[in-house]
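Asker: Coordinates in upload_33.cif, mmCIF, C-alpha atoms, are listed below.
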data_structure
loop_
_atom_site.label_atom_id
_atom_site.label_comp_id
_atom_site.auth_asym_id
_atom_site.auth_seq_id
_atom_site.Cartn_x
_atom_site.Cartn_y
_atom_site.Cartn_z
CA LYS Z 1442 -3.44 88.58 -39.98
CA LEU Z 1443 -1.36 91.19 -41.80
CA ALA Z 1444 1.80 89.11 -41.35
CA ALA Z 1445 -0.04 86.06 -42.66
CA GLU Z 1446 -1.23 87.99 -45.70
CA GLN Z 1447 2.38 89.01 -46.30
CA GLY Z 1448 3.37 85.35 -46.42
CA ASP Z 1449 4.80 84.60 -42.95
CA LYS Z 1450 4.28 80.86 -42.39
CA TYR Z 1451 4.15 81.07 -38.58
CA SER Z 1452 1.52 83.79 -38.71
CA LYS Z 1453 -0.51 81.68 -41.14
CA THR Z 1454 -0.41 78.78 -38.69
CA CYS Z 1455 -1.42 80.98 -35.74
CA LEU Z 1456 -4.26 82.53 -37.76
CA ALA Z 1457 -5.39 79.09 -38.93
CA GLN Z 1458 -5.55 77.94 -35.33
CA MET Z 1459 -7.64 80.99 -34.42
CA TYR Z 1460 -10.09 80.22 -37.24
CA GLU Z 1461 -10.15 76.56 -36.20
CA GLN Z 1462 -10.88 77.24 -32.52
CA GLY Z 1463 -12.83 80.48 -32.86
CA ASP Z 1464 -10.36 82.50 -30.77
CA PHE Z 1465 -11.11 86.26 -31.15
CA ILE Z 1466 -12.71 85.48 -34.52
CA SER Z 1467 -15.63 83.50 -35.91
CA LYS Z 1468 -14.90 79.83 -36.53
CA ASN Z 1469 -14.13 79.05 -40.16
CA LYS Z 1470 -12.84 75.52 -40.80
CA LYS Z 1471 -12.35 76.04 -44.52
CA GLU Z 1472 -10.22 79.12 -43.95
CA ALA Z 1473 -8.24 77.30 -41.26
CA GLN Z 1474 -7.60 74.41 -43.64
CA ARG Z 1475 -6.52 76.80 -46.40
CA LEU Z 1476 -4.05 78.58 -44.16
CA TYR Z 1477 -2.68 75.33 -42.71
CA THR Z 1478 -2.16 74.06 -46.24
CA GLU Z 1479 -0.28 77.19 -47.30
CA ALA Z 1480 1.90 77.14 -44.20
CA ALA Z 1481 2.58 73.42 -44.67
CA GLU Z 1482 3.73 74.06 -48.23
CA GLN Z 1483 6.23 76.52 -46.72
CA GLY Z 1484 7.49 73.84 -44.32
CA GLU Z 1485 5.88 74.97 -41.05
CA ALA Z 1486 5.95 71.97 -38.68
CA TYR Z 1487 2.59 72.26 -36.94
CA ALA Z 1488 0.82 73.06 -40.20
CA LEU Z 1489 2.32 69.91 -41.74
CA TYR Z 1490 0.99 67.96 -38.78
CA LYS Z 1491 -2.49 69.48 -39.20
CA VAL Z 1492 -2.59 68.71 -42.93
CA ALA Z 1493 -1.49 65.15 -42.13
CA GLN Z 1494 -4.44 64.92 -39.74
CA MET Z 1495 -6.77 66.08 -42.52
CA TYR Z 1496 -5.58 63.25 -44.76
CA TYR Z 1497 -5.81 60.76 -41.88
CA THR Z 1498 -9.39 61.65 -40.91
CA GLY Z 1499 -10.65 62.71 -44.34
CA GLU Z 1500 -11.71 66.12 -43.04
CA GLY Z 1501 -11.21 68.69 -45.79
CA ARG Z 1502 -9.31 66.11 -47.88
CA VAL Z 1503 -9.86 62.78 -49.57
CA LYS Z 1504 -8.95 60.27 -46.86
CA ASP Z 1505 -5.44 58.94 -47.51
CA LYS Z 1506 -3.65 57.39 -44.53
CA LYS Z 1507 -0.51 56.65 -46.56
CA LYS Z 1508 -0.20 60.35 -47.44
CA ALA Z 1509 -0.88 61.20 -43.79
CA LEU Z 1510 1.99 58.93 -42.71
CA GLU Z 1511 4.36 60.62 -45.17
CA LEU Z 1512 3.42 64.06 -43.85
CA TYR Z 1513 3.75 62.97 -40.21
CA GLU Z 1514 7.25 61.71 -41.04
CA ASP Z 1515 8.12 65.01 -42.72
CA ALA Z 1516 6.76 67.09 -39.83
CA ALA Z 1517 8.52 64.97 -37.21
CA ILE Z 1518 11.85 64.00 -38.71
CA ASN Z 1519 12.55 67.14 -40.73
CA HIS Z 1520 10.78 69.75 -38.58
CA ARG Z 1521 10.78 68.27 -35.04
CA SER Z 1522 7.03 68.36 -34.47
CA GLY Z 1523 6.20 66.76 -31.12
CA GLU Z 1524 2.61 66.10 -32.19
CA ALA Z 1525 3.77 64.33 -35.36
CA TYR Z 1526 6.29 62.23 -33.42
CA TYR Z 1527 3.45 61.08 -31.18
CA GLU Z 1528 1.33 60.03 -34.16
CA LEU Z 1529 4.27 58.11 -35.65
CA GLY Z 1530 4.60 56.29 -32.35
CA ARG Z 1531 0.99 55.17 -32.67
CA PHE Z 1532 1.56 53.88 -36.22
CA TYR Z 1533 4.46 51.70 -35.05
CA GLU Z 1534 2.88 50.61 -31.77
CA TYR Z 1535 -0.27 49.34 -33.45
CA GLY Z 1536 1.22 48.30 -36.80
CA GLU Z 1537 -0.88 50.65 -38.94
CA LEU Z 1538 0.60 50.78 -42.48
CA VAL Z 1539 3.95 49.70 -41.03
CA LYS Z 1540 5.30 46.58 -39.33
CA THR Z 1541 4.65 46.66 -35.58
CA ASP Z 1542 7.85 47.75 -33.82
CA LYS Z 1543 7.47 48.66 -30.16
CA ASN Z 1544 11.09 49.83 -29.81
CA GLN Z 1545 10.62 52.21 -32.75
CA ALA Z 1546 7.31 53.34 -31.27
CA ALA Z 1547 9.07 54.05 -27.97
CA LYS Z 1548 11.71 56.10 -29.78
CA PHE Z 1549 9.03 58.24 -31.40
CA TYR Z 1550 7.12 58.67 -28.14
CA ARG Z 1551 10.35 59.80 -26.46
CA GLU Z 1552 10.88 62.35 -29.23
CA ALA Z 1553 7.30 63.55 -28.78
CA PHE Z 1554 8.06 64.10 -25.11
CA MET Z 1555 11.37 65.85 -25.83
CA ASN Z 1556 10.14 68.19 -28.58
CA TYR Z 1557 7.85 71.05 -27.70
CA GLY Z 1558 4.45 70.89 -29.33
CA PHE Z 1559 2.83 73.91 -30.95
CA ASP Z 1560 -0.52 73.26 -29.30
CA ASN Z 1561 -1.57 71.44 -26.12
CA ARG Z 1562 2.04 70.64 -25.25
CA LEU Z 1563 1.16 69.45 -21.76
CA LYS Z 1564 -1.39 67.06 -23.27
CA ILE Z 1565 1.24 65.68 -25.68
CA TRP Z 1566 3.79 65.28 -22.86
CA LYS Z 1567 1.26 63.42 -20.71
CA GLU Z 1568 0.14 61.16 -23.55
CA ALA Z 1569 3.72 60.41 -24.59
CA LEU Z 1570 4.67 59.58 -20.99
CA ASN Z 1571 1.64 57.30 -20.66
CA ALA Z 1572 2.54 55.62 -23.95
CA LEU Z 1573 6.09 54.92 -22.77
CA GLU Z 1574 4.78 53.44 -19.53
CA ARG Z 1575 2.30 51.31 -21.47
CA LEU Z 1576 5.05 49.93 -23.71
CA ALA Z 1577 7.41 49.38 -20.79
CA MET Z 1578 4.78 47.28 -19.03
CA GLN Z 1579 4.53 45.24 -22.24
CA LYS Z 1580 8.22 44.33 -21.78
CA CYS Z 1581 9.59 46.91 -24.22
CA GLY Z 1582 13.11 47.44 -22.87
CA ASP Z 1583 13.79 50.65 -24.77
CA ALA Z 1584 10.64 52.30 -23.42
CA ALA Z 1585 11.65 51.41 -19.86
CA TYR Z 1586 15.14 52.87 -20.42
CA TYR Z 1587 13.73 56.13 -21.77
CA LEU Z 1588 11.52 56.41 -18.68
CA GLY Z 1589 14.54 55.79 -16.45
CA CYS Z 1590 16.38 58.63 -18.17
CA LEU Z 1591 13.44 61.02 -17.81
CA TYR Z 1592 13.16 60.42 -14.06
CA TYR Z 1593 16.91 60.39 -13.47
CA HIS Z 1594 17.56 63.65 -15.33
CA ALA Z 1595 14.27 65.25 -14.22
CA TYR Z 1596 13.26 66.11 -17.77
CA MET Z 1597 9.75 67.56 -17.50
CA VAL Z 1598 9.09 65.27 -14.52
CA GLU Z 1599 10.16 65.51 -10.90
CA LYS Z 1600 13.51 63.81 -10.27
CA ASN Z 1601 12.92 60.43 -8.70
CA GLU Z 1602 15.90 58.10 -8.34
CA LYS Z 1603 13.78 55.16 -7.20
CA GLU Z 1604 11.59 55.45 -10.29
CA ALA Z 1605 14.68 55.87 -12.47
CA PHE Z 1606 16.24 52.73 -11.00
CA LYS Z 1607 12.99 50.75 -11.32
CA TRP Z 1608 12.62 51.54 -15.02
CA CYS Z 1609 16.30 51.13 -15.84
CA LYS Z 1610 16.42 47.74 -14.13
CA MET Z 1611 13.25 46.71 -15.95
CA ALA Z 1612 14.82 47.79 -19.24
CA MET Z 1613 17.74 45.41 -18.84
CA GLU Z 1614 15.53 42.59 -17.58
CA ASN Z 1615 13.42 42.95 -20.72
CA GLY Z 1616 16.29 42.77 -23.18
CA CYS Z 1617 17.26 46.40 -23.79
CA GLU Z 1618 20.41 46.39 -25.96
CA ASN Z 1619 21.39 50.00 -25.32
CA HIS Z 1620 24.80 50.00 -23.64
CA ASN Z 1621 24.00 53.33 -22.00
CA ALA Z 1622 21.17 51.67 -20.06
CA ALA Z 1623 23.56 49.08 -18.64
CA ALA Z 1624 26.09 51.78 -17.78
CA MET Z 1625 23.40 53.86 -16.07
CA LEU Z 1626 22.30 50.86 -14.01
CA SER Z 1627 25.92 50.17 -13.06
CA GLY Z 1628 26.35 53.76 -11.89
CA MET Z 1629 23.21 53.64 -9.78
CA TYR Z 1630 24.40 50.47 -8.04
CA GLU Z 1631 27.82 52.05 -7.53
CA ASP Z 1632 26.48 55.26 -5.99
CA GLY Z 1633 23.42 53.83 -4.27
CA GLU Z 1634 21.01 55.94 -6.30
CA GLY Z 1635 17.46 54.61 -6.00
CA THR Z 1636 18.78 51.35 -4.55
CA GLU Z 1637 21.32 50.02 -2.08
CA LYS Z 1638 24.97 50.21 -3.10
CA ASP Z 1639 26.21 46.98 -4.61
CA ASP Z 1640 29.72 46.91 -6.07
CA GLU Z 1641 29.33 43.40 -7.44
CA LYS Z 1642 26.22 44.31 -9.45
CA SER Z 1643 27.82 47.58 -10.52
CA LEU Z 1644 30.77 45.67 -11.95
CA TYR Z 1645 28.47 43.18 -13.68
CA TRP Z 1646 26.47 45.88 -15.43
CA ILE Z 1647 29.49 47.90 -16.55
CA LYS Z 1648 30.82 44.72 -18.16
CA GLU Z 1649 27.45 44.24 -19.83
CA SER Z 1650 27.63 47.81 -21.07
CA LEU Z 1651 31.00 47.17 -22.69
CA ARG Z 1652 29.73 43.93 -24.25
CA LEU Z 1653 26.68 45.65 -25.72
CA GLN Z 1654 28.79 48.52 -27.01
CA ASN Z 1655 31.17 46.09 -28.73
CA GLU Z 1656 28.31 44.09 -30.23
CA ALA Z 1657 26.70 47.24 -31.61
CA TYR Z 1658 30.02 48.25 -33.22
CA PHE Z 1659 30.56 44.81 -34.76
CA LYS Z 1660 27.01 44.71 -36.08
CA LYS Z 1661 27.33 48.18 -37.61
CA HIS Z 1662 30.51 47.21 -39.44
CA ASN Z 1663 29.38 43.66 -40.35
CA ILE Z 1664 32.14 42.01 -38.33
CA ASN Z 1665 31.36 38.39 -37.48
CA VAL Z 1666 32.32 37.67 -33.88
CA GLU Z 1667 31.72 35.14 -31.15
CA TYR Z 1668 31.46 36.40 -27.57
CA ASP Z 1669 33.27 34.52 -24.78
CA SER Z 1670 31.25 35.37 -21.66
CA GLU Z 1671 33.68 33.60 -19.31
CA GLN Z 1672 36.66 35.64 -20.47
CA ASN Z 1673 34.48 38.68 -21.23
CA ARG Z 1674 35.92 39.19 -24.70
CA ALA Z 1675 34.86 39.07 -28.32
CA ILE Z 1676 36.60 36.70 -30.73
CA ILE Z 1677 36.60 37.84 -34.36
CA LYS Z 1678 35.95 34.94 -36.71
#
Have the structure of the file written as structure tokens, please.

Answerer:
Amino acid sequence: KLAAEQGDKYSKTCLAQMYEQGDFISKNKKEAQRLYTEAAEQGEAYALYKVAQMYYTGEGRVKDKKKALELYEDAAINHRSGEAYYELGRFYEYGELVKTDKNQAAKFYREAFMNYGFDNRLKIWKEALNALERLAMQKCGDAAYYLGCLYYHAYMVEKNEKEAFKWCKMAMENGCENHNAAAMLSGMYEDGEGTEKDDEKSLYWIKESLRLQNEAYFKKHNINVEYDSEQNRAIIK
């Protein structure tokens, strides 16, 4: 409390959470909201997320979902808030105030999973993982690729090569354009990770990886090309 009174933004956020939940102190929502607001004005990530929630729900604020979206973006993109990334994923998955974009939603859910939350981090990880699985089953290739990476690299989940292969293969079958996904699938076929070794399929997917990488480069630099799949080369027009 003393540190909060002296202006430390992290202490303000911790004290606000104590007032909000009634930990070691009597619950006081108004005081929690005041402290979250002060900490948010100082750029504290979780406080920004909490103020965004206030605008979204209308609790302690005039309801303003557009303002909530702006604050979620600030908390996530500028301050790496896992909770805010998760909320952004929901906006893009369900098309609330933004155009529905499942690949963008998957990207935000992945960031929610990768960035530690201030509160209930295990809950955020579980919800983000479930969201990625939900999108992957809706034929979102990027979501399936992110799941493959999580299981392959054992990031906050137990390493499981069969699961990694399943999701990575699904990613490419559902139109994932990330060349790293194709390269990963090629490597798994080459080394027999999560599947039987298959040199022919390994070669196919490494070629696909190179094609996707070239296409991404040409698109980025506005180069008009035509791809010759038989000769496996791009022809600049």

Asker: Let me make sure I understand: among Z:Glu1485, Z:Lys1471, Z:Ile1518, Z:Lys1453, which one has the smallest atom-to-atom distance to Z:Arg1502 if we use all atoms listed in the file?

Answerer: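 Result for the nearest residue to Z:Arg1502: Z:Lys1471.
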
Asker: Contacts of Z:Glu1534 at 10 Å or less, counting all atoms listed in the file, minus same-chain residues fewer than 2 places along, as number ranges by chain?

Answerer: Z: 1528-1532, 1536-1537, 1539-1547, 1549-1550, 1572, 1576

Asker: Selected by the PyMOL selection byres ((chain Z and resi 1569) around 8) in the shown coordinates: which residues, as an NGL selection string?

Answerer: :Z and (1527 or 1550-1551 or 1553-1554 or 1565-1568 or 1570-1573)

Asker: Find the residue from Z:Gly1501, Z:Ala1444, Z:Gly1463, Z:Tyr1487 that sits nearest to Z:His1520; use all atoms listed in the file when measuring.

Answerer: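 That would be Z:Tyr1487, the residue with the smallest distance to Z:His1520.
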
Asker: Calculate how many Å separate atom CA of Z:Phe1606 from atom CA of Z:Lys1564, rounding to one decimal.

Answerer: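 One can read the atom CA of Z:Phe1606 to atom CA of Z:Lys1564 distance as 25.8 Å.
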
Asker: Between Z:Lys1491, Z:Arg1575, Z:Lys1450, Z:Arg1475, which is the closest to Z:Ala1509 once you count only C-alpha atoms?

Answerer: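 Going through Z:Lys1491, Z:Arg1575, Z:Lys1450, Z:Arg1475 one by one, the smallest distance to Z:Ala1509 is for Z:Lys1491.
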
Asker: Run through the PyMOL selection byres ((chain Z and resi 1619) around 8) on the given coordinates and return the selected residues as a list in words.

Answerer: Asp1583, Cys1617, Glu1618, His1620, Asn1621, Ala1622, Ala1623, Ser1650, Leu1653 and Gln1654 of chain Z

Asker: In the coordinate frame of the file, compute which residues have an atom within 7 Å of (-1.9, 64.1, -43.0) when using only C-alpha atoms, and state them as a PyMOL selection string.

Answerer: chain Z and resi 1490-1497+1508-1510+1512-1513

Asker: Measuring atom to atom with all atoms listed in the file, identify which of Z:Lys1660, Z:Asn1556, Z:Ala1612, Z:Tyr1593 is nearest to Z:Glu1574.

Answerer: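 The closest residue to Z:Glu1574 is Z:Ala1612.
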
Asker: What does the distance from atom CA of Z:Gly1589 to atom CA of Z:Cys1609 come to in Å, to one decimal?

Answerer: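 Taking atom CA of Z:Gly1589 and atom CA of Z:Cys1609, their separation equals 5.0 Å.
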
Asker: My list of candidates is Z:Gln1474, Z:Asn1655, Z:Gln1483, Z:Ser1627. Which is closest to Z:Asp1639 when distances are computed with only C-alpha atoms?

Answerer: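 Result for the nearest residue to Z:Asp1639: Z:Ser1627.
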
Asker: In Å, with one decimal, what is the gap from atom CA of Z:Gly1523 to atom CA of Z:Leu1591?

Answerer: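 Result for atom CA of Z:Gly1523 versus atom CA of Z:Leu1591: 16.2 Å, one decimal.
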
Asker: What does the PyMOL selection byres ((chain Z and resi 1455-1459) around 8) select in this file, as a VMD selection string?

Answerer: chain Z and resid 1442 1445 1451 to 1454 1460 to 1466 1468 1472 to 1477

Asker: Considering all atoms listed in the file, return as a PyMOL selection string whatever protein or nucleic-acid residues lie within 9 Å of Z:Thr1636, sequence-local ones (same chain, fewer than 6 positions apart) excluded.

Answerer: chain Z and resi 1602-1603+1606-1607+1629-1630

Asker: Which is closest to Z:Ile1647 among Z:Gly1628, Z:Gly1616, Z:Gly1499, Z:Gly1582, if we use all atoms listed in the file?

Answerer: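 Between Z:Gly1628, Z:Gly1616, Z:Gly1499, Z:Gly1582, the residue approaching Z:Ile1647 most closely is Z:Gly1628.
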
Asker: Could you give me stretch 1597-1620 of chain Z completed to N, CA, C and O atoms, formatted as a PDB file, in the coordinates of the input?

Answerer:
ATOM      1  N   MET Z1597      11.191  67.300 -17.499  1.00  0.00           N
ATOM      2  CA  MET Z1597       9.750  67.560 -17.500  1.00  0.00           C
ATOM      3  C   MET Z1597       8.980  66.700 -16.486  1.00  0.00           C
ATOM      4  O   MET Z1597       7.752  66.653 -16.519  1.00  0.00           O
ATOM      5  N   VAL Z1598       9.694  65.996 -15.642  1.00  0.00           N
ATOM      6  CA  VAL Z1598       9.090  65.270 -14.520  1.00  0.00           C
ATOM      7  C   VAL Z1598       9.955  65.544 -13.297  1.00  0.00           C
ATOM      8  O   VAL Z1598      11.108  65.947 -13.418  1.00  0.00           O
ATOM      9  N   GLU Z1599       9.392  65.316 -12.119  1.00  0.00           N
ATOM     10  CA  GLU Z1599      10.160  65.510 -10.900  1.00  0.00           C
ATOM     11  C   GLU Z1599      11.221  64.416 -10.776  1.00  0.00           C
ATOM     12  O   GLU Z1599      10.936  63.239 -11.026  1.00  0.00           O
ATOM     13  N   LYS Z1600      12.438  64.797 -10.408  1.00  0.00           N
ATOM     14  CA  LYS Z1600      13.510  63.810 -10.270  1.00  0.00           C
ATOM     15  C   LYS Z1600      13.117  62.778  -9.225  1.00  0.00           C
ATOM     16  O   LYS Z1600      12.670  63.108  -8.126  1.00  0.00           O
ATOM     17  N   ASN Z1601      13.304  61.518  -9.592  1.00  0.00           N
ATOM     18  CA  ASN Z1601      12.920  60.430  -8.700  1.00  0.00           C
ATOM     19  C   ASN Z1601      13.867  59.258  -8.959  1.00  0.00           C
ATOM     20  O   ASN Z1601      13.698  58.512  -9.923  1.00  0.00           O
ATOM     21  N   GLU Z1602      14.881  59.119  -8.118  1.00  0.00           N
ATOM     22  CA  GLU Z1602      15.900  58.100  -8.340  1.00  0.00           C
ATOM     23  C   GLU Z1602      15.344  56.685  -8.221  1.00  0.00           C
ATOM     24  O   GLU Z1602      15.784  55.781  -8.935  1.00  0.00           O
ATOM     25  N   LYS Z1603      14.372  56.492  -7.338  1.00  0.00           N
ATOM     26  CA  LYS Z1603      13.780  55.160  -7.200  1.00  0.00           C
ATOM     27  C   LYS Z1603      13.033  54.773  -8.471  1.00  0.00           C
ATOM     28  O   LYS Z1603      13.115  53.626  -8.928  1.00  0.00           O
ATOM     29  N   GLU Z1604      12.287  55.732  -9.042  1.00  0.00           N
ATOM     30  CA  GLU Z1604      11.590  55.450 -10.290  1.00  0.00           C
ATOM     31  C   GLU Z1604      12.599  55.223 -11.413  1.00  0.00           C
ATOM     32  O   GLU Z1604      12.422  54.322 -12.248  1.00  0.00           O
ATOM     33  N   ALA Z1605      13.649  56.029 -11.443  1.00  0.00           N
ATOM     34  CA  ALA Z1605      14.680  55.870 -12.470  1.00  0.00           C
ATOM     35  C   ALA Z1605      15.307  54.489 -12.403  1.00  0.00           C
ATOM     36  O   ALA Z1605      15.485  53.815 -13.422  1.00  0.00           O
ATOM     37  N   PHE Z1606      15.632  54.054 -11.177  1.00  0.00           N
ATOM     38  CA  PHE Z1606      16.240  52.730 -11.000  1.00  0.00           C
ATOM     39  C   PHE Z1606      15.259  51.633 -11.409  1.00  0.00           C
ATOM     40  O   PHE Z1606      15.625  50.670 -12.095  1.00  0.00           O
ATOM     41  N   LYS Z1607      14.002  51.768 -10.992  1.00  0.00           N
ATOM     42  CA  LYS Z1607      12.990  50.750 -11.320  1.00  0.00           C
ATOM     43  C   LYS Z1607      12.878  50.540 -12.824  1.00  0.00           C
ATOM     44  O   LYS Z1607      12.910  49.402 -13.312  1.00  0.00           O
ATOM     45  N   TRP Z1608      12.784  51.651 -13.573  1.00  0.00           N
ATOM     46  CA  TRP Z1608      12.620  51.540 -15.020  1.00  0.00           C
ATOM     47  C   TRP Z1608      13.893  51.065 -15.698  1.00  0.00           C
ATOM     48  O   TRP Z1608      13.836  50.273 -16.650  1.00  0.00           O
ATOM     49  N   CYS Z1609      15.032  51.535 -15.222  1.00  0.00           N
ATOM     50  CA  CYS Z1609      16.300  51.130 -15.840  1.00  0.00           C
ATOM     51  C   CYS Z1609      16.550  49.639 -15.621  1.00  0.00           C
ATOM     52  O   CYS Z1609      16.988  48.930 -16.537  1.00  0.00           O
ATOM     53  N   LYS Z1610      16.274  49.165 -14.437  1.00  0.00           N
ATOM     54  CA  LYS Z1610      16.420  47.740 -14.130  1.00  0.00           C
ATOM     55  C   LYS Z1610      15.463  46.916 -14.991  1.00  0.00           C
ATOM     56  O   LYS Z1610      15.823  45.874 -15.542  1.00  0.00           O
ATOM     57  N   MET Z1611      14.228  47.394 -15.124  1.00  0.00           N
ATOM     58  CA  MET Z1611      13.250  46.710 -15.950  1.00  0.00           C
ATOM     59  C   MET Z1611      13.699  46.660 -17.409  1.00  0.00           C
ATOM     60  O   MET Z1611      13.490  45.659 -18.106  1.00  0.00           O
ATOM     61  N   ALA Z1612      14.332  47.740 -17.860  1.00  0.00           N
ATOM     62  CA  ALA Z1612      14.820  47.790 -19.240  1.00  0.00           C
ATOM     63  C   ALA Z1612      15.782  46.648 -19.519  1.00  0.00           C
ATOM     64  O   ALA Z1612      15.655  45.932 -20.525  1.00  0.00           O
ATOM     65  N   MET Z1613      16.744  46.451 -18.625  1.00  0.00           N
ATOM     66  CA  MET Z1613      17.740  45.410 -18.840  1.00  0.00           C
ATOM     67  C   MET Z1613      17.137  44.021 -18.670  1.00  0.00           C
ATOM     68  O   MET Z1613      17.504  43.083 -19.387  1.00  0.00           O
ATOM     69  N   GLU Z1614      16.198  43.884 -17.774  1.00  0.00           N
ATOM     70  CA  GLU Z1614      15.530  42.590 -17.580  1.00  0.00           C
ATOM     71  C   GLU Z1614      14.706  42.190 -18.794  1.00  0.00           C
ATOM     72  O   GLU Z1614      14.490  41.004 -19.053  1.00  0.00           O
ATOM     73  N   ASN Z1615      14.262  43.214 -19.552  1.00  0.00           N
ATOM     74  CA  ASN Z1615      13.420  42.950 -20.720  1.00  0.00           C
ATOM     75  C   ASN Z1615      14.181  43.052 -22.043  1.00  0.00           C
ATOM     76  O   ASN Z1615      13.590  43.255 -23.098  1.00  0.00           O
ATOM     77  N   GLY Z1616      15.506  42.916 -21.965  1.00  0.00           N
ATOM     78  CA  GLY Z1616      16.290  42.770 -23.180  1.00  0.00           C
ATOM     79  C   GLY Z1616      16.733  44.040 -23.874  1.00  0.00           C
ATOM     80  O   GLY Z1616      17.070  44.010 -25.071  1.00  0.00           O
ATOM     81  N   CYS Z1617      16.755  45.167 -23.181  1.00  0.00           N
ATOM     82  CA  CYS Z1617      17.260  46.400 -23.790  1.00  0.00           C
ATOM     83  C   CYS Z1617      18.719  46.201 -24.201  1.00  0.00           C
ATOM     84  O   CYS Z1617      19.536  45.711 -23.429  1.00  0.00           O
ATOM     85  N   GLU Z1618      19.057  46.572 -25.441  1.00  0.00           N
ATOM     86  CA  GLU Z1618      20.410  46.390 -25.960  1.00  0.00           C
ATOM     87  C   GLU Z1618      21.201  47.688 -26.010  1.00  0.00           C
ATOM     88  O   GLU Z1618      22.264  47.747 -26.625  1.00  0.00           O
ATOM     89  N   ASN Z1619      20.700  48.711 -25.349  1.00  0.00           N
ATOM     90  CA  ASN Z1619      21.390  50.000 -25.320  1.00  0.00           C
ATOM     91  C   ASN Z1619      22.462  49.967 -24.225  1.00  0.00           C
ATOM     92  O   ASN Z1619      22.151  49.826 -23.043  1.00  0.00           O
ATOM     93  N   HIS Z1620      23.722  50.091 -24.623  1.00  0.00           N
ATOM     94  CA  HIS Z1620      24.800  50.000 -23.640  1.00  0.00           C
ATOM     95  C   HIS Z1620      24.743  51.107 -22.598  1.00  0.00           C
ATOM     96  O   HIS Z1620      25.210  50.945 -21.465  1.00  0.00           O
TER      97      HIS Z1620
END
